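Asker: This one is protein_15.txt, compact mmCIF, C-alpha atoms.
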```txt
# COMPACT_ATOMS: atom_id res chain seq x y z
CA MET A 1 0.00 0.00 0.00
CA VAL A 2 1.19 3.47 -0.87
CA LYS A 3 -0.53 6.31 1.01
CA THR A 4 -0.44 9.92 -0.17
CA ILE A 5 -0.83 12.51 2.57
CA ILE A 6 -1.91 16.03 1.63
CA GLU A 7 -1.26 18.48 4.50
CA GLN A 8 -4.15 20.80 3.62
CA ALA A 9 -6.89 20.76 1.03
CA SER A 10 -5.52 23.83 -0.78
CA ASP A 11 -2.40 21.77 -1.56
CA LEU A 12 -4.54 19.78 -3.98
CA LEU A 13 -4.54 22.70 -6.43
CA GLY A 14 -2.37 21.83 -9.39
CA LYS A 15 -2.32 18.08 -8.63
CA GLU A 16 -4.18 17.12 -11.82
CA GLY A 17 -2.49 14.06 -13.30
CA MET A 18 -1.06 12.97 -9.95
CA LYS A 19 -1.45 9.23 -9.36
CA ILE A 20 -2.07 7.70 -5.95
CA GLY A 21 -1.95 4.18 -4.58
CA PRO A 22 -2.30 1.33 -4.95
CA SER A 23 -4.15 0.11 -1.88
CA ASP A 24 -3.65 -3.29 -0.32
CA TRP A 25 -5.41 -6.24 -1.92
CA MET A 26 -8.72 -7.16 -0.31
CA ASP A 27 -10.78 -10.33 -0.60
CA VAL A 28 -14.24 -10.28 -2.16
CA SER A 29 -15.70 -13.28 -0.39
CA GLN A 30 -19.08 -14.90 -0.92
CA LYS A 31 -19.99 -13.71 2.56
CA ARG A 32 -19.33 -10.08 1.52
CA ILE A 33 -21.44 -10.61 -1.62
CA ASP A 34 -24.28 -12.18 0.41
CA THR A 35 -24.17 -9.36 2.96
CA PHE A 36 -24.41 -6.79 0.15
CA ALA A 37 -27.34 -8.73 -1.34
CA ASP A 38 -29.10 -8.61 2.03
CA ALA A 39 -28.42 -4.89 2.42
CA THR A 40 -29.76 -4.02 -1.04
CA GLY A 41 -32.39 -6.72 -1.55
CA ASP A 42 -30.67 -7.81 -4.77
CA HIS A 43 -30.59 -11.60 -4.46
CA GLN A 44 -30.20 -12.41 -8.16
CA TRP A 45 -28.91 -15.97 -8.53
CA ILE A 46 -25.72 -14.88 -10.30
CA HIS A 47 -24.66 -13.26 -7.01
CA VAL A 48 -25.96 -15.60 -4.31
CA ASP A 49 -26.75 -19.07 -5.70
CA GLU A 50 -23.35 -20.76 -5.81
CA GLU A 51 -24.71 -24.04 -7.23
CA LYS A 52 -26.71 -22.45 -10.06
CA ALA A 53 -23.89 -20.00 -10.84
CA LYS A 54 -21.53 -22.92 -11.58
CA SER A 55 -23.45 -23.45 -14.83
CA GLY A 56 -23.88 -19.73 -15.48
CA PRO A 57 -21.83 -17.50 -17.78
CA PHE A 58 -18.98 -16.98 -15.29
CA GLY A 59 -18.80 -20.44 -13.70
CA THR A 60 -19.22 -18.95 -10.23
CA THR A 61 -21.05 -16.21 -8.39
CA ILE A 62 -19.96 -12.64 -9.02
CA ALA A 63 -20.05 -9.47 -6.95
CA HIS A 64 -22.75 -6.95 -7.70
CA GLY A 65 -21.46 -4.07 -9.83
CA TYR A 66 -22.55 -1.66 -7.12
CA LEU A 67 -20.68 -3.67 -4.50
CA THR A 68 -17.54 -3.31 -6.60
CA LEU A 69 -18.21 0.42 -6.98
CA SER A 70 -18.79 0.84 -3.24
CA LEU A 71 -15.37 -0.64 -2.50
CA ALA A 72 -13.88 2.68 -3.65
CA ALA A 73 -15.13 4.11 -0.33
CA LYS A 74 -13.14 1.47 1.54
CA LEU A 75 -9.99 1.45 -0.59
CA MET A 76 -9.43 5.19 -1.14
CA PRO A 77 -8.84 6.13 2.52
CA GLU A 78 -6.02 3.56 2.48
CA ILE A 79 -4.19 5.57 -0.19
CA LEU A 80 -5.24 9.20 0.37
CA GLU A 81 -5.43 11.35 3.48
CA ILE A 82 -6.31 15.04 3.37
CA LYS A 83 -5.36 16.86 6.59
CA GLY A 84 -6.30 20.32 7.81
CA MET A 85 -9.98 20.26 6.92
CA LYS A 86 -13.21 20.40 8.89
CA MET A 87 -15.05 17.83 6.84
CA GLY A 88 -14.86 15.82 3.65
CA ILE A 89 -17.91 14.57 1.75
CA ASN A 90 -18.65 12.31 -1.16
CA TYR A 91 -20.25 14.73 -3.63
CA GLY A 92 -21.03 12.07 -6.23
CA THR A 93 -19.67 10.41 -9.32
CA ASP A 94 -19.44 11.17 -12.98
CA LYS A 95 -18.61 8.38 -15.37
CA VAL A 96 -18.83 4.82 -14.00
CA ARG A 97 -17.89 1.73 -15.99
CA PHE A 98 -18.06 -1.92 -14.95
CA ILE A 99 -15.39 -3.41 -17.19
CA GLN A 100 -15.19 -6.95 -15.86
CA PRO A 101 -17.11 -8.88 -13.18
CA VAL A 102 -15.48 -9.76 -9.87
CA ALA A 103 -15.78 -13.47 -9.19
CA SER A 104 -16.41 -14.60 -5.63
CA GLY A 105 -13.07 -15.28 -3.97
CA SER A 106 -11.20 -12.69 -6.05
CA ARG A 107 -8.91 -10.03 -4.63
CA VAL A 108 -9.19 -6.40 -5.65
CA ARG A 109 -7.29 -3.19 -4.99
CA GLY A 110 -7.69 0.45 -5.94
CA HIS A 111 -5.59 3.27 -7.27
CA GLY A 112 -6.43 6.75 -8.44
CA GLU A 113 -5.52 9.72 -10.57
CA PHE A 114 -6.59 13.30 -9.94
CA LEU A 115 -8.43 14.63 -12.99
CA GLU A 116 -9.58 18.03 -11.76
CA ILE A 117 -9.22 20.20 -8.67
CA THR A 118 -11.33 23.32 -8.17
CA GLU A 119 -12.15 25.79 -5.45
CA VAL A 120 -15.75 25.73 -4.21
CA PRO A 121 -17.43 27.88 -1.54
CA GLY A 122 -15.86 26.84 1.76
CA GLY A 123 -13.23 24.53 0.33
CA TYR A 124 -12.03 22.46 -2.58
CA GLN A 125 -13.42 19.80 -4.89
CA SER A 126 -11.55 16.96 -6.51
CA LYS A 127 -12.46 14.65 -9.31
CA LEU A 128 -10.48 11.46 -8.82
CA ARG A 129 -10.55 8.60 -11.32
CA VAL A 130 -10.57 5.43 -9.25
CA THR A 131 -9.65 2.14 -10.87
CA ILE A 132 -10.48 -1.08 -9.07
CA GLU A 133 -8.38 -3.88 -10.43
CA ILE A 134 -8.65 -7.63 -9.97
CA TYR A 135 -5.60 -9.65 -8.97
CA GLY A 136 -4.24 -11.59 -11.93
CA GLN A 137 -6.54 -9.95 -14.48
CA GLU A 138 -5.53 -7.64 -17.29
CA LYS A 139 -8.76 -5.61 -17.32
CA PRO A 140 -10.00 -3.71 -14.26
CA ALA A 141 -13.31 -4.45 -12.58
CA CYS A 142 -14.49 -0.86 -12.39
CA VAL A 143 -13.41 2.65 -13.32
CA VAL A 144 -15.24 5.57 -11.72
CA ASP A 145 -14.71 9.32 -11.60
CA THR A 146 -15.47 10.19 -7.97
CA ILE A 147 -16.16 13.73 -6.82
CA SER A 148 -15.20 14.74 -3.28
CA ARG A 149 -15.41 18.02 -1.42
CA TYR A 150 -13.07 19.08 1.34
CA TYR A 151 -14.32 21.89 3.57
CA VAL A 152 -11.75 23.99 5.44
```
Would you mind writing the file's structure down as structure tokens?

Answerer:
Amino acid sequence: MVKTIIEQASDLLGKEGMKIGPSDWMDVSQKRIDTFADATGDHQWIHVDEEKAKSGPFGTTIAHGYLTLSLAAKLMPEILEIKGMKMGINYGTDKVRFIQPVASGSRVRGHGEFLEITEVPGGYQSKLRVTIEIYGQEKPACVVDTISRYYV
């Protein structure tokens, strides 16, 4: 894991193109997939029925796309810390792409690249392209442009 520490939010200005990470690898277990299914009510067989999924298109269960996307919220704090602010918020996302499914039992990690930094009332906003990759796979699982605000 490689963690980038920014001493104050204003130091983000001019960091477009800066790459951060990667995070540590984390397991995407069937238990995590089942817990996400319970939380969202999405119990589609391709996610939760291990026996049926063996004869499905991927040969196993796969993580929900939105589970994969939500892992950005877990992985990014491992690789980025902004100090000297009152509060940081998730402002949203722009482009999201699910490139490849994450099979149960896979390991994933995240890394990022700052695309845009702007001043907003009370602080700063960053657009960070987060890529969630799968161990041993050429294509990533998910690429998302996250938008965060840091209030000072």

Asker: CA of Met1 in chain A and CA of Pro22 in chain A are how many Å apart?

Answerer: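 Atom-to-atom, CA of Met1 in chain A and CA of Pro22 in chain A are spaced 5.6 Å apart.
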
Asker: Using all atoms listed in the file, can you tell me which of A:Met26, A:Ile117, A:Ala103, A:Leu75 comes closest to Thr61 in chain A?

Answerer: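 Counting all atoms listed in the file, the residue closest to Thr61 in chain A is A:Ala103.
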
Asker: Quick one: everything within 10 Å of Leu115 in chain A, counting all atoms listed in the file, minus sequence neighbours fewer than 4 positions away in the same chain. Send it as a CSV table (one decimal) with C-alpha atoms, in the coordinates of the input.

Answerer:
```csv
chain,number,residue,atom,x,y,z
A,15,LYS,CA,-2.3,18.1,-8.6
A,16,GLU,CA,-4.2,17.1,-11.8
A,17,GLY,CA,-2.5,14.1,-13.3
A,18,MET,CA,-1.1,13.0,-10.0
A,19,LYS,CA,-1.4,9.2,-9.4
A,126,SER,CA,-11.6,17.0,-6.5
A,127,LYS,CA,-12.5,14.6,-9.3
A,128,LEU,CA,-10.5,11.5,-8.8
A,129,ARG,CA,-10.6,8.6,-11.3
A,145,ASP,CA,-14.7,9.3,-11.6
A,146,THR,CA,-15.5,10.2,-8.0
A,147,ILE,CA,-16.2,13.7,-6.8
```

Asker: So which residues are close to (-15.2, -10.2, -5.6), meaning at most 6 Å away in the file's coordinates with only C-alpha atoms counted, and can you show them as a list in words?

Answerer: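 Output of the proximity query reads Val28, Ala63, Val102, Ala103, Ser104, Gly105 and Ser106 of chain A.
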
Asker: Could you save those same residues with C-alpha atoms as a compact mmCIF listing (two decimals), in the coordinates of the input?

Answerer:
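Output file out-v8.txt is given in full below:
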```txt
# COMPACT_ATOMS: atom_id res chain seq x y z
CA VAL A 28 -14.24 -10.28 -2.16
CA ALA A 63 -20.05 -9.47 -6.95
CA VAL A 102 -15.48 -9.76 -9.87
CA ALA A 103 -15.78 -13.47 -9.19
CA SER A 104 -16.41 -14.60 -5.63
CA GLY A 105 -13.07 -15.28 -3.97
CA SER A 106 -11.20 -12.69 -6.05
```

Asker: Please compute the CA of Thr93 in chain A-CA of Leu69 in chain A distance, one decimal, in Å.

Answerer: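 CA of Thr93 in chain A sits 10.4 Å away from CA of Leu69 in chain A.
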
Asker: I need the residue nearest Asp27 in chain A from this list: A:His43, A:Arg149, A:Arg107, A:Lys139. Use only C-alpha atoms for the distance.

Answerer: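 Among the listed residues, A:Arg107 lies closest to Asp27 in chain A.
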
Asker: Between A:Gly56, A:Pro121, A:Pro140, A:Gly84, which residue has the minimum interatomic distance to Asp11 in chain A, considering only C-alpha atoms?

Answerer: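 Between A:Gly56, A:Pro121, A:Pro140, A:Gly84, the residue approaching Asp11 in chain A most closely is A:Gly84.
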
Asker: Could you work out an axis-aligned bounding box for all listed atoms of range 99-114 of chain A, with 5 Å added on each of the six sides, and give its centre and edge lengths in Å to one decimal, as JSON?

Answerer:
```
{"center_x": -11.3, "center_y": -1.0, "center_z": -10.6, "size_x": 21.6, "size_y": 38.6, "size_z": 23.2}
```

Asker: Name the residues in contact with Gly88 in chain A at a cut-off of 12 Å, using all atoms listed in the file, excluding same-chain residues fewer than 5 positions from it; report them as a list in words.

Answerer: Gln8, Ala9, Pro77, Glu81, Ile82, Lys83, Gly122, Gly123, Tyr124, Gln125, Ser126, Ile147, Ser148, Arg149, Tyr150, Tyr151 and Val152 of chain A

Asker: Smallest atom-to-atom distance to Ile134 in chain A: which of A:Val96, A:Val108, A:Ile20, A:Val120, using only C-alpha atoms?

Answerer: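 Under the stated criterion, the closest residue is A:Val108.
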
Asker: Interatomic distance between CA of Val130 in chain A and CA of Glu7 in chain A?

Answerer: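 According to the coordinates, CA of Val130 in chain A and CA of Glu7 in chain A are separated by 21.1 Å.
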
Asker: Select, from A:Thr40, A:Gly14, A:Asp34, A:Trp25, the residue with the minimum atom-to-atom distance to Gly136 in chain A, counting all atoms listed in the file.

Answerer: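 Nearest to Gly136 in chain A: A:Trp25.
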
Asker: Which residue, A:Lys95, A:Ile46, A:Tyr135, A:Ile6, has the smallest gap to Phe58 in chain A when you use all atoms listed in the file?

Answerer: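 Closest candidate: A:Ile46.
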
Asker: Just want the 7 Å neighbourhood of Leu80 in chain A, counted on all atoms listed in the file, with same-chain residues fewer than 2 positions away dropped. Output as an MDAnalysis selection string.

Answerer: chainID A and resid 3:5 76:78 82

Asker: Residues within 8 Å of Ala141 in chain A, please, as a PyMOL selection string. Count all atoms listed in the file; anything in the same chain fewer than 6 positions from it doesn't count.

Answerer: chain A and resi 68+98-102+131-134

Asker: Hey, what's within 12 Å of Gln44 in chain A if we count all atoms listed in the file and toss same-chain stuff fewer than 6 positions away? As a JSON list (two decimals) with C-alpha atoms, in the frame of the given file, please?

Answerer:
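Done, and the output landed in out.json:
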```
[["chain", "number", "residue", "atom", "x", "y", "z"],
["A", 33, "ILE", "CA", -21.44, -10.61, -1.62],
["A", 34, "ASP", "CA", -24.28, -12.18, 0.41],
["A", 36, "PHE", "CA", -24.41, -6.79, 0.15],
["A", 37, "ALA", "CA", -27.34, -8.73, -1.34],
["A", 38, "ASP", "CA", -29.10, -8.61, 2.03],
["A", 50, "GLU", "CA", -23.35, -20.76, -5.81],
["A", 52, "LYS", "CA", -26.71, -22.45, -10.06],
["A", 53, "ALA", "CA", -23.89, -20.00, -10.84],
["A", 61, "THR", "CA", -21.05, -16.21, -8.39],
["A", 62, "ILE", "CA", -19.96, -12.64, -9.02],
["A", 63, "ALA", "CA", -20.05, -9.47, -6.95],
["A", 64, "HIS", "CA", -22.75, -6.95, -7.70]]
```

Asker: Please rebuild range 52-88 of chain A with N, CA and C atoms and give the result as a PDB file, in the coordinates of the input.

Answerer:
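Result went into selection.pdb, see below:
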```pdb
ATOM      1  N   LYS A  52     -26.188 -22.848  -8.746  1.00  0.00           N
ATOM      2  CA  LYS A  52     -26.710 -22.450 -10.060  1.00  0.00           C
ATOM      3  C   LYS A  52     -25.661 -21.671 -10.857  1.00  0.00           C
ATOM      4  N   ALA A  53     -24.893 -20.833 -10.162  1.00  0.00           N
ATOM      5  CA  ALA A  53     -23.890 -20.000 -10.840  1.00  0.00           C
ATOM      6  C   ALA A  53     -22.781 -20.840 -11.480  1.00  0.00           C
ATOM      7  N   LYS A  54     -22.556 -22.050 -10.983  1.00  0.00           N
ATOM      8  CA  LYS A  54     -21.530 -22.920 -11.580  1.00  0.00           C
ATOM      9  C   LYS A  54     -21.813 -23.175 -13.052  1.00  0.00           C
ATOM     10  N   SER A  55     -23.102 -23.220 -13.425  1.00  0.00           N
ATOM     11  CA  SER A  55     -23.450 -23.450 -14.830  1.00  0.00           C
ATOM     12  C   SER A  55     -23.819 -22.153 -15.543  1.00  0.00           C
ATOM     13  N   GLY A  56     -23.594 -21.037 -14.881  1.00  0.00           N
ATOM     14  CA  GLY A  56     -23.880 -19.730 -15.480  1.00  0.00           C
ATOM     15  C   GLY A  56     -22.731 -19.236 -16.342  1.00  0.00           C
ATOM     16  N   PRO A  57     -22.826 -18.026 -16.834  1.00  0.00           N
ATOM     17  CA  PRO A  57     -21.830 -17.500 -17.780  1.00  0.00           C
ATOM     18  C   PRO A  57     -20.426 -17.304 -17.202  1.00  0.00           C
ATOM     19  N   PHE A  58     -20.293 -17.225 -15.885  1.00  0.00           N
ATOM     20  CA  PHE A  58     -18.980 -16.980 -15.290  1.00  0.00           C
ATOM     21  C   PHE A  58     -18.441 -18.166 -14.515  1.00  0.00           C
ATOM     22  N   GLY A  59     -19.248 -19.226 -14.384  1.00  0.00           N
ATOM     23  CA  GLY A  59     -18.800 -20.440 -13.700  1.00  0.00           C
ATOM     24  C   GLY A  59     -18.771 -20.331 -12.192  1.00  0.00           C
ATOM     25  N   THR A  60     -19.183 -19.199 -11.672  1.00  0.00           N
ATOM     26  CA  THR A  60     -19.220 -18.950 -10.230  1.00  0.00           C
ATOM     27  C   THR A  60     -20.076 -17.730  -9.977  1.00  0.00           C
ATOM     28  N   THR A  61     -20.332 -17.443  -8.714  1.00  0.00           N
ATOM     29  CA  THR A  61     -21.050 -16.210  -8.390  1.00  0.00           C
ATOM     30  C   THR A  61     -20.111 -15.018  -8.599  1.00  0.00           C
ATOM     31  N   ILE A  62     -20.730 -13.875  -8.839  1.00  0.00           N
ATOM     32  CA  ILE A  62     -19.960 -12.640  -9.020  1.00  0.00           C
ATOM     33  C   ILE A  62     -20.504 -11.558  -8.107  1.00  0.00           C
ATOM     34  N   ALA A  63     -19.641 -10.619  -7.755  1.00  0.00           N
ATOM     35  CA  ALA A  63     -20.050  -9.470  -6.950  1.00  0.00           C
ATOM     36  C   ALA A  63     -20.979  -8.578  -7.755  1.00  0.00           C
ATOM     37  N   HIS A  64     -21.896  -7.951  -7.074  1.00  0.00           N
ATOM     38  CA  HIS A  64     -22.750  -6.950  -7.700  1.00  0.00           C
ATOM     39  C   HIS A  64     -21.850  -5.821  -8.217  1.00  0.00           C
ATOM     40  N   GLY A  65     -22.223  -5.223  -9.339  1.00  0.00           N
ATOM     41  CA  GLY A  65     -21.460  -4.070  -9.830  1.00  0.00           C
ATOM     42  C   GLY A  65     -21.401  -2.965  -8.788  1.00  0.00           C
ATOM     43  N   TYR A  66     -22.532  -2.725  -8.118  1.00  0.00           N
ATOM     44  CA  TYR A  66     -22.550  -1.660  -7.120  1.00  0.00           C
ATOM     45  C   TYR A  66     -21.752  -2.009  -5.873  1.00  0.00           C
ATOM     46  N   LEU A  67     -21.596  -3.286  -5.583  1.00  0.00           N
ATOM     47  CA  LEU A  67     -20.680  -3.670  -4.500  1.00  0.00           C
ATOM     48  C   LEU A  67     -19.260  -3.300  -4.899  1.00  0.00           C
ATOM     49  N   THR A  68     -18.880  -3.656  -6.118  1.00  0.00           N
ATOM     50  CA  THR A  68     -17.540  -3.310  -6.600  1.00  0.00           C
ATOM     51  C   THR A  68     -17.325  -1.810  -6.548  1.00  0.00           C
ATOM     52  N   LEU A  69     -18.297  -1.039  -7.018  1.00  0.00           N
ATOM     53  CA  LEU A  69     -18.210   0.420  -6.980  1.00  0.00           C
ATOM     54  C   LEU A  69     -18.057   0.923  -5.545  1.00  0.00           C
ATOM     55  N   SER A  70     -18.830   0.362  -4.628  1.00  0.00           N
ATOM     56  CA  SER A  70     -18.790   0.840  -3.240  1.00  0.00           C
ATOM     57  C   SER A  70     -17.451   0.575  -2.570  1.00  0.00           C
ATOM     58  N   LEU A  71     -16.676  -0.353  -3.094  1.00  0.00           N
ATOM     59  CA  LEU A  71     -15.370  -0.640  -2.500  1.00  0.00           C
ATOM     60  C   LEU A  71     -14.415   0.551  -2.631  1.00  0.00           C
ATOM     61  N   ALA A  72     -14.705   1.468  -3.542  1.00  0.00           N
ATOM     62  CA  ALA A  72     -13.880   2.680  -3.650  1.00  0.00           C
ATOM     63  C   ALA A  72     -13.889   3.426  -2.315  1.00  0.00           C
ATOM     64  N   ALA A  73     -15.027   3.420  -1.623  1.00  0.00           N
ATOM     65  CA  ALA A  73     -15.130   4.110  -0.330  1.00  0.00           C
ATOM     66  C   ALA A  73     -14.266   3.444   0.740  1.00  0.00           C
ATOM     67  N   LYS A  74     -14.003   2.164   0.598  1.00  0.00           N
ATOM     68  CA  LYS A  74     -13.140   1.470   1.540  1.00  0.00           C
ATOM     69  C   LYS A  74     -11.669   1.605   1.153  1.00  0.00           C
ATOM     70  N   LEU A  75     -11.380   1.495  -0.128  1.00  0.00           N
ATOM     71  CA  LEU A  75      -9.990   1.450  -0.590  1.00  0.00           C
ATOM     72  C   LEU A  75      -9.320   2.823  -0.640  1.00  0.00           C
ATOM     73  N   MET A  76     -10.057   3.873  -0.973  1.00  0.00           N
ATOM     74  CA  MET A  76      -9.430   5.190  -1.140  1.00  0.00           C
ATOM     75  C   MET A  76      -8.840   5.757   0.145  1.00  0.00           C
ATOM     76  N   PRO A  77      -9.482   5.618   1.305  1.00  0.00           N
ATOM     77  CA  PRO A  77      -8.840   6.130   2.520  1.00  0.00           C
ATOM     78  C   PRO A  77      -7.507   5.429   2.839  1.00  0.00           C
ATOM     79  N   GLU A  78      -7.305   4.248   2.298  1.00  0.00           N
ATOM     80  CA  GLU A  78      -6.020   3.560   2.480  1.00  0.00           C
ATOM     81  C   GLU A  78      -4.896   4.275   1.737  1.00  0.00           C
ATOM     82  N   ILE A  79      -5.244   4.996   0.665  1.00  0.00           N
ATOM     83  CA  ILE A  79      -4.190   5.570  -0.190  1.00  0.00           C
ATOM     84  C   ILE A  79      -4.193   7.087  -0.233  1.00  0.00           C
ATOM     85  N   LEU A  80      -5.184   7.738   0.400  1.00  0.00           N
ATOM     86  CA  LEU A  80      -5.240   9.200   0.370  1.00  0.00           C
ATOM     87  C   LEU A  80      -5.747   9.722   1.707  1.00  0.00           C
ATOM     88  N   GLU A  81      -5.009  10.664   2.269  1.00  0.00           N
ATOM     89  CA  GLU A  81      -5.430  11.350   3.480  1.00  0.00           C
ATOM     90  C   GLU A  81      -5.258  12.848   3.262  1.00  0.00           C
ATOM     91  N   ILE A  82      -6.340  13.585   3.470  1.00  0.00           N
ATOM     92  CA  ILE A  82      -6.310  15.040   3.370  1.00  0.00           C
ATOM     93  C   ILE A  82      -6.390  15.571   4.803  1.00  0.00           C
ATOM     94  N   LYS A  83      -5.377  16.285   5.244  1.00  0.00           N
ATOM     95  CA  LYS A  83      -5.360  16.860   6.590  1.00  0.00           C
ATOM     96  C   LYS A  83      -5.849  18.306   6.542  1.00  0.00           C
ATOM     97  N   GLY A  84      -6.009  18.894   7.711  1.00  0.00           N
ATOM     98  CA  GLY A  84      -6.300  20.320   7.810  1.00  0.00           C
ATOM     99  C   GLY A  84      -7.639  20.724   7.227  1.00  0.00           C
ATOM    100  N   MET A  85      -8.647  19.901   7.398  1.00  0.00           N
ATOM    101  CA  MET A  85      -9.980  20.260   6.920  1.00  0.00           C
ATOM    102  C   MET A  85     -10.995  19.967   8.015  1.00  0.00           C
ATOM    103  N   LYS A  86     -12.137  20.630   7.926  1.00  0.00           N
ATOM    104  CA  LYS A  86     -13.210  20.400   8.890  1.00  0.00           C
ATOM    105  C   LYS A  86     -13.993  19.145   8.561  1.00  0.00           C
ATOM    106  N   MET A  87     -14.192  18.925   7.260  1.00  0.00           N
ATOM    107  CA  MET A  87     -15.050  17.830   6.840  1.00  0.00           C
ATOM    108  C   MET A  87     -14.811  17.520   5.372  1.00  0.00           C
ATOM    109  N   GLY A  88     -14.901  16.247   5.043  1.00  0.00           N
ATOM    110  CA  GLY A  88     -14.860  15.820   3.650  1.00  0.00           C
ATOM    111  C   GLY A  88     -16.146  15.065   3.339  1.00  0.00           C
TER     112      GLY A  88
END
```
